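Asks: Dropping a structure here in structure tokens format, bear with me for questions.
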Amino acid sequence: MVKPVVKPVIKPKPTVVKPTPTTTTEASKVPQKQRIARKFKAAEEPYKALQGTDAAQAAKVGELLRAARTALASKEFDTAEGEVDAALKLLGVPAPE
């Protein structure tokens with residue numbers, strides 16, 4: 001009895017896609033991080049001025065800015081941007097784009 005010839009099974013190698021800076025989550029957040037930084041900069045002077053005139057309102061704004069910094073440090077960019085936007089609104093400063 002003759003055994004049939006069996007060809008070895010050749011499996012194709014899987015295609016590996018390496019992440020590029022545009023596909024990683026961190027890199028895709030760069031424009032948002034830059035926008036948040038511009039918003040913090042826009043709030044700086046009005047916040048300092050408010051501290052000298054209305055301590056109660058300045059405390060509210062300061063709390064929002066602290067929450068935004070904490071969220072930014074935790075890489076919760078959407079939360080950070082929302083907090084700094086709320087602070088800008090209380091300050092009466094238009095949000096830079």
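By order in the structure tokens, chains are A, B, ...; within a chain, residues start at 1; ligands start at 1, following the order shown.
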Any idea what's packed within 10 Å of Gly62 (chain A), counting only C-alpha atoms, ignoring anything in its chain fewer than 6 positions away? Could you give it as a list in words?
Replies: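 Selected residues are Tyr47, Lys48, Gln51, Ala55, Ala56, Ala68, Val84 and Ala87 of chain A.
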Asks: Provide the CA of Leu65 (chain A) to CA of Arg35 (chain A) distance in Å, to one decimal place.
Replies: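 Spanning CA of Leu65 (chain A) to CA of Arg35 (chain A) is a straight-line distance of 14.7 Å.
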Asks: Taking only C-alpha atoms into account, name the residue in A:Glu81, A:Leu88, A:Lys7, A:Thr70 that is nearest to Ala58 (chain A).
Replies: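 For Ala58 (chain A), the nearest of the candidates is A:Leu88.
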Asks: Apply DSSP to the backbone of this structure and, from chain A, keep only the residues in helix (DSSP H, G or I); write these as a count of residues only.
Replies: 62
Asks: For Lys75 (chain A), which residue out of A:Ala95, A:Val30, A:Leu90, A:Ala49 is the nearest one, using only C-alpha atoms?
Replies: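 Using only C-alpha atoms, the shortest distance to Lys75 (chain A) belongs to A:Val30.
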Asks: Between CA of Glu97 (chain A) and CA of Lys39 (chain A), what distance in Å does the model show, to one decimal?
Replies: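 Atom-to-atom, CA of Glu97 (chain A) to CA of Lys39 (chain A), that is 8.2 Å.
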Asks: Which of these, A:Ala37, A:Ala80, A:Ala59, A:Leu50, has the shortest distance to Pro96 (chain A) once you count only C-alpha atoms?
Replies: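 Comparing A:Ala37, A:Ala80, A:Ala59, A:Leu50 against Pro96 (chain A), the winner is A:Ala37.
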Asks: Provide the CA of Leu91 (chain A) to CA of Val61 (chain A) distance in Å, to one decimal place.
Replies: 7.5 Å
